[in-house]
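Asker: My structure is in final.cif, and what it holds is mmCIF, N, CA and C atoms:
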```
data_start
#
loop_
_atom_site.label_atom_id
_atom_site.label_comp_id
_atom_site.auth_asym_id
_atom_site.auth_seq_id
_atom_site.Cartn_x
_atom_site.Cartn_y
_atom_site.Cartn_z
N MET A 1 0.85 -1.18 0.00
CA MET A 1 0.00 0.00 0.00
C MET A 1 0.89 1.24 0.00
N GLU A 2 0.54 2.18 -0.83
CA GLU A 2 1.24 3.46 -0.87
C GLU A 2 0.23 4.59 -0.68
N ILE A 3 0.47 5.40 0.34
CA ILE A 3 -0.39 6.56 0.62
C ILE A 3 0.17 7.75 -0.14
N SER A 4 -0.69 8.44 -0.90
CA SER A 4 -0.22 9.59 -1.67
C SER A 4 -0.34 10.90 -0.91
N HIS A 5 -1.38 11.02 -0.06
CA HIS A 5 -1.57 12.24 0.71
C HIS A 5 -2.71 12.05 1.71
N ILE A 6 -2.85 13.03 2.61
CA ILE A 6 -4.01 13.03 3.49
C ILE A 6 -5.18 13.51 2.64
N GLU A 7 -6.18 12.67 2.49
CA GLU A 7 -7.34 13.01 1.66
C GLU A 7 -8.22 14.02 2.38
N HIS A 8 -8.53 13.71 3.65
CA HIS A 8 -9.31 14.65 4.44
C HIS A 8 -9.20 14.32 5.93
N ILE A 9 -9.62 15.29 6.72
CA ILE A 9 -9.76 15.11 8.17
C ILE A 9 -11.25 15.25 8.46
N GLY A 10 -11.84 14.23 9.06
CA GLY A 10 -13.26 14.24 9.38
C GLY A 10 -13.49 14.80 10.77
N ILE A 11 -14.38 15.77 10.88
CA ILE A 11 -14.68 16.42 12.15
C ILE A 11 -16.17 16.34 12.42
N ALA A 12 -16.54 15.69 13.53
CA ALA A 12 -17.94 15.57 13.91
C ALA A 12 -18.41 16.88 14.53
N VAL A 13 -19.57 17.36 14.07
CA VAL A 13 -20.16 18.60 14.59
C VAL A 13 -21.63 18.34 14.92
N ASN A 14 -22.15 19.13 15.83
CA ASN A 14 -23.57 19.00 16.17
C ASN A 14 -24.46 19.54 15.05
N SER A 15 -23.98 20.59 14.37
CA SER A 15 -24.80 21.24 13.36
C SER A 15 -23.91 21.87 12.28
N LEU A 16 -24.15 21.49 11.03
CA LEU A 16 -23.42 22.13 9.93
C LEU A 16 -23.77 23.62 9.86
N GLU A 17 -25.02 23.93 10.13
CA GLU A 17 -25.47 25.32 10.07
C GLU A 17 -24.68 26.20 11.04
N GLU A 18 -24.32 25.64 12.19
CA GLU A 18 -23.53 26.39 13.17
C GLU A 18 -22.04 26.33 12.86
N ALA A 19 -21.56 25.22 12.32
CA ALA A 19 -20.11 25.01 12.12
C ALA A 19 -19.58 25.69 10.87
N ILE A 20 -20.32 25.68 9.78
CA ILE A 20 -19.84 26.23 8.51
C ILE A 20 -19.41 27.70 8.66
N PRO A 21 -20.18 28.55 9.34
CA PRO A 21 -19.75 29.95 9.47
C PRO A 21 -18.38 30.12 10.15
N TYR A 22 -18.05 29.26 11.11
CA TYR A 22 -16.73 29.34 11.75
C TYR A 22 -15.63 29.12 10.71
N TYR A 23 -15.77 28.07 9.91
CA TYR A 23 -14.75 27.75 8.92
C TYR A 23 -14.67 28.81 7.82
N GLU A 24 -15.82 29.40 7.47
CA GLU A 24 -15.82 30.42 6.43
C GLU A 24 -15.42 31.81 6.95
N LYS A 25 -16.06 32.25 8.01
CA LYS A 25 -15.86 33.63 8.47
C LYS A 25 -14.60 33.80 9.31
N VAL A 26 -14.28 32.82 10.14
CA VAL A 26 -13.12 32.95 11.02
C VAL A 26 -11.85 32.45 10.33
N LEU A 27 -11.93 31.28 9.71
CA LEU A 27 -10.74 30.71 9.08
C LEU A 27 -10.57 31.13 7.62
N GLY A 28 -11.61 31.69 7.02
CA GLY A 28 -11.51 32.17 5.64
C GLY A 28 -11.56 31.09 4.59
N LEU A 29 -12.08 29.91 4.94
CA LEU A 29 -12.22 28.82 3.97
C LEU A 29 -13.57 28.92 3.29
N LYS A 30 -13.72 28.23 2.17
CA LYS A 30 -14.98 28.24 1.41
C LYS A 30 -15.56 26.84 1.39
N CYS A 31 -16.80 26.72 1.86
CA CYS A 31 -17.50 25.44 1.77
C CYS A 31 -17.87 25.23 0.31
N TYR A 32 -17.33 24.16 -0.30
CA TYR A 32 -17.60 23.95 -1.72
C TYR A 32 -18.62 22.87 -1.99
N ALA A 33 -19.02 22.10 -0.98
CA ALA A 33 -20.02 21.06 -1.20
C ALA A 33 -20.66 20.65 0.12
N VAL A 34 -21.97 20.43 0.06
CA VAL A 34 -22.71 19.83 1.16
C VAL A 34 -23.43 18.63 0.56
N GLU A 35 -23.33 17.49 1.24
CA GLU A 35 -23.87 16.25 0.69
C GLU A 35 -24.38 15.36 1.81
N GLU A 36 -25.50 14.70 1.58
CA GLU A 36 -25.99 13.71 2.53
C GLU A 36 -25.62 12.32 2.04
N VAL A 37 -25.07 11.52 2.93
CA VAL A 37 -24.76 10.12 2.63
C VAL A 37 -25.72 9.30 3.49
N THR A 38 -26.84 8.94 2.88
CA THR A 38 -27.95 8.35 3.65
C THR A 38 -27.58 7.02 4.31
N ASP A 39 -26.82 6.17 3.62
CA ASP A 39 -26.51 4.87 4.22
C ASP A 39 -25.57 5.00 5.42
N GLN A 40 -24.85 6.12 5.53
CA GLN A 40 -23.99 6.36 6.69
C GLN A 40 -24.64 7.28 7.71
N LYS A 41 -25.88 7.70 7.42
CA LYS A 41 -26.66 8.54 8.33
C LYS A 41 -25.91 9.82 8.72
N VAL A 42 -25.40 10.49 7.66
CA VAL A 42 -24.58 11.68 7.90
C VAL A 42 -24.79 12.70 6.78
N LYS A 43 -24.65 13.95 7.15
CA LYS A 43 -24.62 15.05 6.19
C LYS A 43 -23.24 15.67 6.30
N THR A 44 -22.59 15.92 5.16
CA THR A 44 -21.22 16.39 5.15
C THR A 44 -21.10 17.77 4.51
N ALA A 45 -20.08 18.49 4.93
CA ALA A 45 -19.71 19.76 4.29
C ALA A 45 -18.20 19.74 4.10
N PHE A 46 -17.73 20.17 2.92
CA PHE A 46 -16.32 20.09 2.58
C PHE A 46 -15.68 21.45 2.36
N PHE A 47 -14.44 21.54 2.82
CA PHE A 47 -13.58 22.71 2.64
C PHE A 47 -12.24 22.19 2.15
N LYS A 48 -11.54 22.98 1.36
CA LYS A 48 -10.23 22.57 0.86
C LYS A 48 -9.15 23.47 1.44
N VAL A 49 -8.07 22.85 1.90
CA VAL A 49 -6.89 23.55 2.40
C VAL A 49 -5.71 22.92 1.67
N GLY A 50 -5.22 23.58 0.62
CA GLY A 50 -4.20 22.96 -0.22
C GLY A 50 -4.78 21.73 -0.87
N GLN A 51 -4.08 20.62 -0.76
CA GLN A 51 -4.55 19.36 -1.35
C GLN A 51 -5.46 18.59 -0.38
N THR A 52 -5.51 19.03 0.87
CA THR A 52 -6.26 18.31 1.90
C THR A 52 -7.63 18.94 2.10
N LYS A 53 -8.60 18.10 2.41
CA LYS A 53 -9.95 18.58 2.67
C LYS A 53 -10.27 18.45 4.16
N ILE A 54 -11.16 19.30 4.61
CA ILE A 54 -11.79 19.18 5.92
C ILE A 54 -13.22 18.73 5.62
N GLU A 55 -13.64 17.65 6.26
CA GLU A 55 -15.00 17.14 6.10
C GLU A 55 -15.73 17.29 7.42
N LEU A 56 -16.73 18.18 7.47
CA LEU A 56 -17.57 18.28 8.66
C LEU A 56 -18.66 17.24 8.55
N LEU A 57 -18.97 16.60 9.66
CA LEU A 57 -19.92 15.49 9.70
C LEU A 57 -21.03 15.78 10.70
N GLU A 58 -22.26 15.90 10.21
CA GLU A 58 -23.43 16.10 11.06
C GLU A 58 -24.28 14.84 10.99
N SER A 59 -24.63 14.30 12.12
CA SER A 59 -25.46 13.09 12.14
C SER A 59 -26.88 13.40 11.68
N THR A 60 -27.45 12.49 10.91
CA THR A 60 -28.86 12.59 10.55
C THR A 60 -29.71 11.61 11.35
N ASP A 61 -29.04 10.83 12.21
CA ASP A 61 -29.72 9.82 13.03
C ASP A 61 -28.88 9.57 14.28
N PRO A 62 -29.45 9.75 15.47
CA PRO A 62 -28.66 9.55 16.68
C PRO A 62 -28.10 8.13 16.82
N GLU A 63 -28.67 7.18 16.10
CA GLU A 63 -28.17 5.80 16.15
C GLU A 63 -27.11 5.52 15.09
N GLY A 64 -26.82 6.49 14.23
CA GLY A 64 -25.78 6.34 13.22
C GLY A 64 -24.41 6.51 13.85
N PRO A 65 -23.35 6.21 13.08
CA PRO A 65 -22.00 6.27 13.64
C PRO A 65 -21.60 7.65 14.17
N ILE A 66 -21.99 8.72 13.49
CA ILE A 66 -21.63 10.06 13.96
C ILE A 66 -22.50 10.43 15.16
N GLY A 67 -23.76 10.05 15.14
CA GLY A 67 -24.63 10.29 16.30
C GLY A 67 -24.09 9.63 17.55
N LYS A 68 -23.64 8.39 17.43
CA LYS A 68 -23.07 7.67 18.58
C LYS A 68 -21.75 8.30 19.03
N PHE A 69 -20.93 8.72 18.06
CA PHE A 69 -19.66 9.37 18.39
C PHE A 69 -19.92 10.66 19.17
N LEU A 70 -20.84 11.49 18.69
CA LEU A 70 -21.15 12.75 19.36
C LEU A 70 -21.70 12.51 20.76
N GLU A 71 -22.53 11.50 20.92
CA GLU A 71 -23.09 11.18 22.23
C GLU A 71 -21.99 10.77 23.20
N LYS A 72 -21.04 9.99 22.73
CA LYS A 72 -19.98 9.46 23.58
C LYS A 72 -18.85 10.46 23.82
N LYS A 73 -18.42 11.16 22.76
CA LYS A 73 -17.22 11.99 22.85
C LYS A 73 -17.45 13.48 22.63
N GLY A 74 -18.59 13.84 22.07
CA GLY A 74 -18.84 15.23 21.75
C GLY A 74 -18.19 15.62 20.43
N PRO A 75 -18.35 16.88 20.03
CA PRO A 75 -17.78 17.32 18.75
C PRO A 75 -16.26 17.26 18.77
N GLY A 76 -15.69 17.05 17.59
CA GLY A 76 -14.23 17.04 17.47
C GLY A 76 -13.76 16.14 16.35
N VAL A 77 -12.46 15.92 16.30
CA VAL A 77 -11.87 15.12 15.23
C VAL A 77 -12.42 13.69 15.32
N HIS A 78 -12.96 13.21 14.22
CA HIS A 78 -13.57 11.89 14.15
C HIS A 78 -12.64 10.87 13.48
N HIS A 79 -12.04 11.27 12.34
CA HIS A 79 -11.16 10.33 11.64
C HIS A 79 -10.16 11.06 10.75
N LEU A 80 -9.15 10.30 10.35
CA LEU A 80 -8.12 10.76 9.44
C LEU A 80 -8.19 9.87 8.21
N ALA A 81 -8.27 10.49 7.03
CA ALA A 81 -8.42 9.73 5.79
C ALA A 81 -7.21 9.90 4.89
N PHE A 82 -6.70 8.78 4.40
CA PHE A 82 -5.54 8.76 3.52
C PHE A 82 -5.96 8.33 2.12
N ALA A 83 -5.37 8.97 1.10
CA ALA A 83 -5.62 8.60 -0.29
C ALA A 83 -4.69 7.46 -0.69
N VAL A 84 -5.27 6.44 -1.30
CA VAL A 84 -4.52 5.30 -1.83
C VAL A 84 -4.99 5.04 -3.26
N GLU A 85 -4.23 4.26 -3.99
CA GLU A 85 -4.59 3.96 -5.38
C GLU A 85 -5.84 3.08 -5.46
N ASN A 86 -5.90 2.06 -4.59
CA ASN A 86 -7.00 1.10 -4.63
C ASN A 86 -7.35 0.68 -3.21
N VAL A 87 -8.53 1.06 -2.74
CA VAL A 87 -8.93 0.78 -1.36
C VAL A 87 -8.95 -0.71 -1.07
N ASN A 88 -9.50 -1.52 -1.95
CA ASN A 88 -9.59 -2.95 -1.68
C ASN A 88 -8.21 -3.59 -1.52
N GLU A 89 -7.27 -3.21 -2.37
CA GLU A 89 -5.91 -3.73 -2.23
C GLU A 89 -5.28 -3.25 -0.93
N ALA A 90 -5.50 -1.99 -0.58
CA ALA A 90 -4.94 -1.44 0.65
C ALA A 90 -5.54 -2.14 1.87
N LEU A 91 -6.85 -2.39 1.86
CA LEU A 91 -7.48 -3.11 2.97
C LEU A 91 -6.87 -4.50 3.13
N ASN A 92 -6.65 -5.18 2.01
CA ASN A 92 -6.01 -6.51 2.07
C ASN A 92 -4.60 -6.42 2.64
N ASP A 93 -3.85 -5.40 2.24
CA ASP A 93 -2.48 -5.23 2.74
C ASP A 93 -2.45 -5.01 4.24
N VAL A 94 -3.30 -4.11 4.74
CA VAL A 94 -3.27 -3.83 6.17
C VAL A 94 -3.82 -5.00 6.98
N ALA A 95 -4.80 -5.71 6.44
CA ALA A 95 -5.32 -6.89 7.13
C ALA A 95 -4.23 -7.95 7.24
N ALA A 96 -3.42 -8.11 6.19
CA ALA A 96 -2.31 -9.07 6.22
C ALA A 96 -1.27 -8.68 7.26
N SER A 97 -1.23 -7.40 7.62
CA SER A 97 -0.31 -6.92 8.66
C SER A 97 -0.89 -7.07 10.06
N GLY A 98 -2.10 -7.61 10.15
CA GLY A 98 -2.72 -7.83 11.45
C GLY A 98 -3.63 -6.73 11.93
N VAL A 99 -3.91 -5.75 11.08
CA VAL A 99 -4.79 -4.64 11.46
C VAL A 99 -6.25 -5.10 11.37
N GLN A 100 -7.03 -4.76 12.39
CA GLN A 100 -8.45 -5.09 12.40
C GLN A 100 -9.19 -4.11 11.50
N LEU A 101 -10.04 -4.64 10.62
CA LEU A 101 -10.80 -3.82 9.68
C LEU A 101 -12.22 -3.61 10.16
N ILE A 102 -12.77 -2.44 9.88
CA ILE A 102 -14.20 -2.22 10.02
C ILE A 102 -14.87 -2.64 8.72
N ASP A 103 -14.24 -2.29 7.59
CA ASP A 103 -14.74 -2.67 6.26
C ASP A 103 -13.77 -3.66 5.62
N LYS A 104 -14.28 -4.84 5.28
CA LYS A 104 -13.44 -5.83 4.61
C LYS A 104 -13.30 -5.53 3.11
N THR A 105 -14.28 -4.83 2.55
CA THR A 105 -14.22 -4.37 1.17
C THR A 105 -14.69 -2.91 1.14
N SER A 106 -14.35 -2.23 0.06
CA SER A 106 -14.68 -0.81 -0.02
C SER A 106 -16.19 -0.60 -0.18
N ARG A 107 -16.60 0.60 0.17
CA ARG A 107 -17.99 1.02 -0.03
C ARG A 107 -17.96 2.46 -0.52
N LYS A 108 -19.09 2.94 -0.96
CA LYS A 108 -19.17 4.31 -1.48
C LYS A 108 -19.27 5.30 -0.33
N GLY A 109 -18.49 6.37 -0.45
CA GLY A 109 -18.51 7.44 0.54
C GLY A 109 -18.90 8.75 -0.11
N ALA A 110 -18.76 9.82 0.61
CA ALA A 110 -19.06 11.15 0.09
C ALA A 110 -18.16 11.45 -1.10
N GLU A 111 -18.61 12.31 -1.95
CA GLU A 111 -17.92 12.74 -3.17
C GLU A 111 -17.63 11.57 -4.11
N GLY A 112 -18.37 10.47 -3.97
CA GLY A 112 -18.22 9.33 -4.87
C GLY A 112 -16.94 8.52 -4.66
N LEU A 113 -16.23 8.77 -3.56
CA LEU A 113 -15.00 8.03 -3.31
C LEU A 113 -15.31 6.60 -2.85
N ASN A 114 -14.40 5.70 -3.12
CA ASN A 114 -14.43 4.37 -2.52
C ASN A 114 -13.70 4.49 -1.20
N ILE A 115 -14.31 3.97 -0.14
CA ILE A 115 -13.73 4.12 1.19
C ILE A 115 -13.72 2.81 1.95
N GLY A 116 -12.85 2.72 2.94
CA GLY A 116 -12.81 1.60 3.86
C GLY A 116 -12.16 2.06 5.15
N PHE A 117 -12.72 1.63 6.28
CA PHE A 117 -12.22 2.06 7.59
C PHE A 117 -11.44 0.96 8.29
N LEU A 118 -10.41 1.40 9.02
CA LEU A 118 -9.61 0.53 9.88
C LEU A 118 -10.05 0.78 11.31
N HIS A 119 -10.10 -0.26 12.11
CA HIS A 119 -10.59 -0.13 13.49
C HIS A 119 -9.57 0.60 14.36
N PRO A 120 -10.03 1.59 15.14
CA PRO A 120 -9.09 2.34 15.98
C PRO A 120 -8.36 1.50 17.02
N LYS A 121 -8.89 0.32 17.37
CA LYS A 121 -8.19 -0.56 18.30
C LYS A 121 -6.89 -1.07 17.70
N SER A 122 -6.79 -1.05 16.38
CA SER A 122 -5.58 -1.51 15.69
C SER A 122 -4.74 -0.37 15.13
N THR A 123 -5.18 0.87 15.31
CA THR A 123 -4.49 2.01 14.69
C THR A 123 -4.13 3.08 15.74
N LEU A 124 -3.74 2.60 16.90
CA LEU A 124 -3.29 3.49 17.98
C LEU A 124 -4.35 4.51 18.38
N GLY A 125 -5.62 4.09 18.30
CA GLY A 125 -6.72 4.94 18.75
C GLY A 125 -7.26 5.92 17.74
N VAL A 126 -6.72 5.92 16.52
CA VAL A 126 -7.17 6.86 15.50
C VAL A 126 -8.03 6.11 14.46
N LEU A 127 -9.31 6.47 14.38
CA LEU A 127 -10.14 5.89 13.32
C LEU A 127 -9.54 6.33 11.99
N THR A 128 -9.17 5.36 11.16
CA THR A 128 -8.46 5.63 9.92
C THR A 128 -9.30 5.18 8.73
N GLU A 129 -9.40 6.07 7.75
CA GLU A 129 -10.15 5.80 6.53
C GLU A 129 -9.17 5.77 5.35
N LEU A 130 -9.35 4.81 4.48
CA LEU A 130 -8.60 4.75 3.23
C LEU A 130 -9.55 5.12 2.12
N CYS A 131 -9.10 5.95 1.17
CA CYS A 131 -9.96 6.46 0.11
C CYS A 131 -9.28 6.33 -1.25
N SER A 132 -10.08 6.02 -2.27
CA SER A 132 -9.58 6.08 -3.63
C SER A 132 -10.68 6.62 -4.54
N ASP A 133 -10.25 7.19 -5.66
CA ASP A 133 -11.21 7.73 -6.62
C ASP A 133 -12.07 6.61 -7.18
N LYS A 134 -13.19 7.02 -7.74
CA LYS A 134 -14.16 6.11 -8.32
C LYS A 134 -13.53 5.12 -9.29
#
```
Rewrite the structure from the file as structure tokens, please.
Answerer:
Amino acid sequence: MEISHIEHIGIAVNSLEEAIPYYEKVLGLKCYAVEEVTDQKVKTAFFKVGQTKIELLESTDPEGPIGKFLEKKGPGVHHLAFAVENVNEALNDVAASGVQLIDKTSRKGAEGLNIGFLHPKSTLGVLTELCSDK
């Protein structure tokens, strides 16, 4: 597996409506996309900083992964996502290294990316996402 760059940093927020103005007005970033990913029970907003994106994550269901994260830990950094050439190959590589997977095969994520998550119990406490283009 070869990582080309940090694809994005996922940040859980209680409300996109409240969070977007901070990133735009205080930090001077521009929200370029808002998207709902229904199967992940989340609404996302994206900002670009150089080649890296910031992905704000608002839960659309308290029983979804972001809803549970917010209930347990509150708002803050949720995950770190790395760009790879092929998510399925990367998942196989890390699994062969003994890393516990959340996703054994890739699935569709926001912005049409193929994604797969590694379990934080195997990644020094950091929920890690691997991403590749469609």
Asker: So which residues of segment 31-123 of chain A fall under strand (DSSP E or B) by DSSP, listed as a PyMOL selection string?
Answerer: chain A and resi 31-37+42-49+52-59+76-84+101+107-108+114-118
Asker: Check what the PyMOL selection byres ((chain A and resi 115-127) around 7) selects in the file above and give those residues as a list in words.
Answerer: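 Selection result, ordered by chain and number: His78, His79, Leu80, Ala81, Val87, Gly98, Val99, Gln100, Leu101, Ile102, Asp103, Lys104, Thr105, Ser106, Arg107, Lys108, Gly109, Gly112, Leu113, Asn114, Thr128, Glu129, Leu130, Cys131 and Ser132 of chain A.
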Asker: Rank nothing, just name the residue among A:Ile20, A:Val42, A:Thr52, A:Val37 nearest to Ala83 of chain A, using only C-alpha atoms.
Answerer: A:Thr52
Asker: Using backbone DSSP assignments, extract all alpha helix (DSSP H) residues from segment 72-107 of chain A; output them as a VMD selection string.
Answerer: chain A and resid 72 to 73 87 to 96
Asker: Please write the residues picked by the PyMOL selection byres ((chain A and resi 53-57) around 6) on this file as a ChimeraX atom specification.
Answerer: /A:6-13,43-49,51-52,58-59
Asker: Record the distance separating atom CA of Lys134 of chain A and atom CA of Glu89 of chain A, expressed in Å with one decimal.
Answerer: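 If I compute the distance from atom CA of Lys134 of chain A to atom CA of Glu89 of chain A, I get 14.2 Å.
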Asker: As JSON, please: the centre and edge lengths in Å, to one decimal, of an axis-aligned box enclosing every listed atom of segment 119-134 of chain A with 6 Å added on each side.
Answerer:
```
{"center_x": -8.7, "center_y": 3.1, "center_z": 4.7, "size_x": 22.9, "size_y": 21.2, "size_z": 40.0}
```
Asker: Could you check the closest approach to Gly76 of chain A for each of A:Lys25, A:Glu111, A:Lys41, A:Asn14 and tell me which residue wins, using all atoms listed in the file?
Answerer: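 Looking only at the distances to Gly76 of chain A, the closest residue turns out to be A:Asn14.
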Asker: Find the distance between atom N of Ser4 of chain A and atom C of Val77 of chain A and write it in Å to one decimal.
Answerer: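 The value is 20.7 Å.
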Asker: Please compute the atom C of Glu18 of chain A-atom CA of Asp61 of chain A distance, one decimal, in Å.
Answerer: 18.2 Å
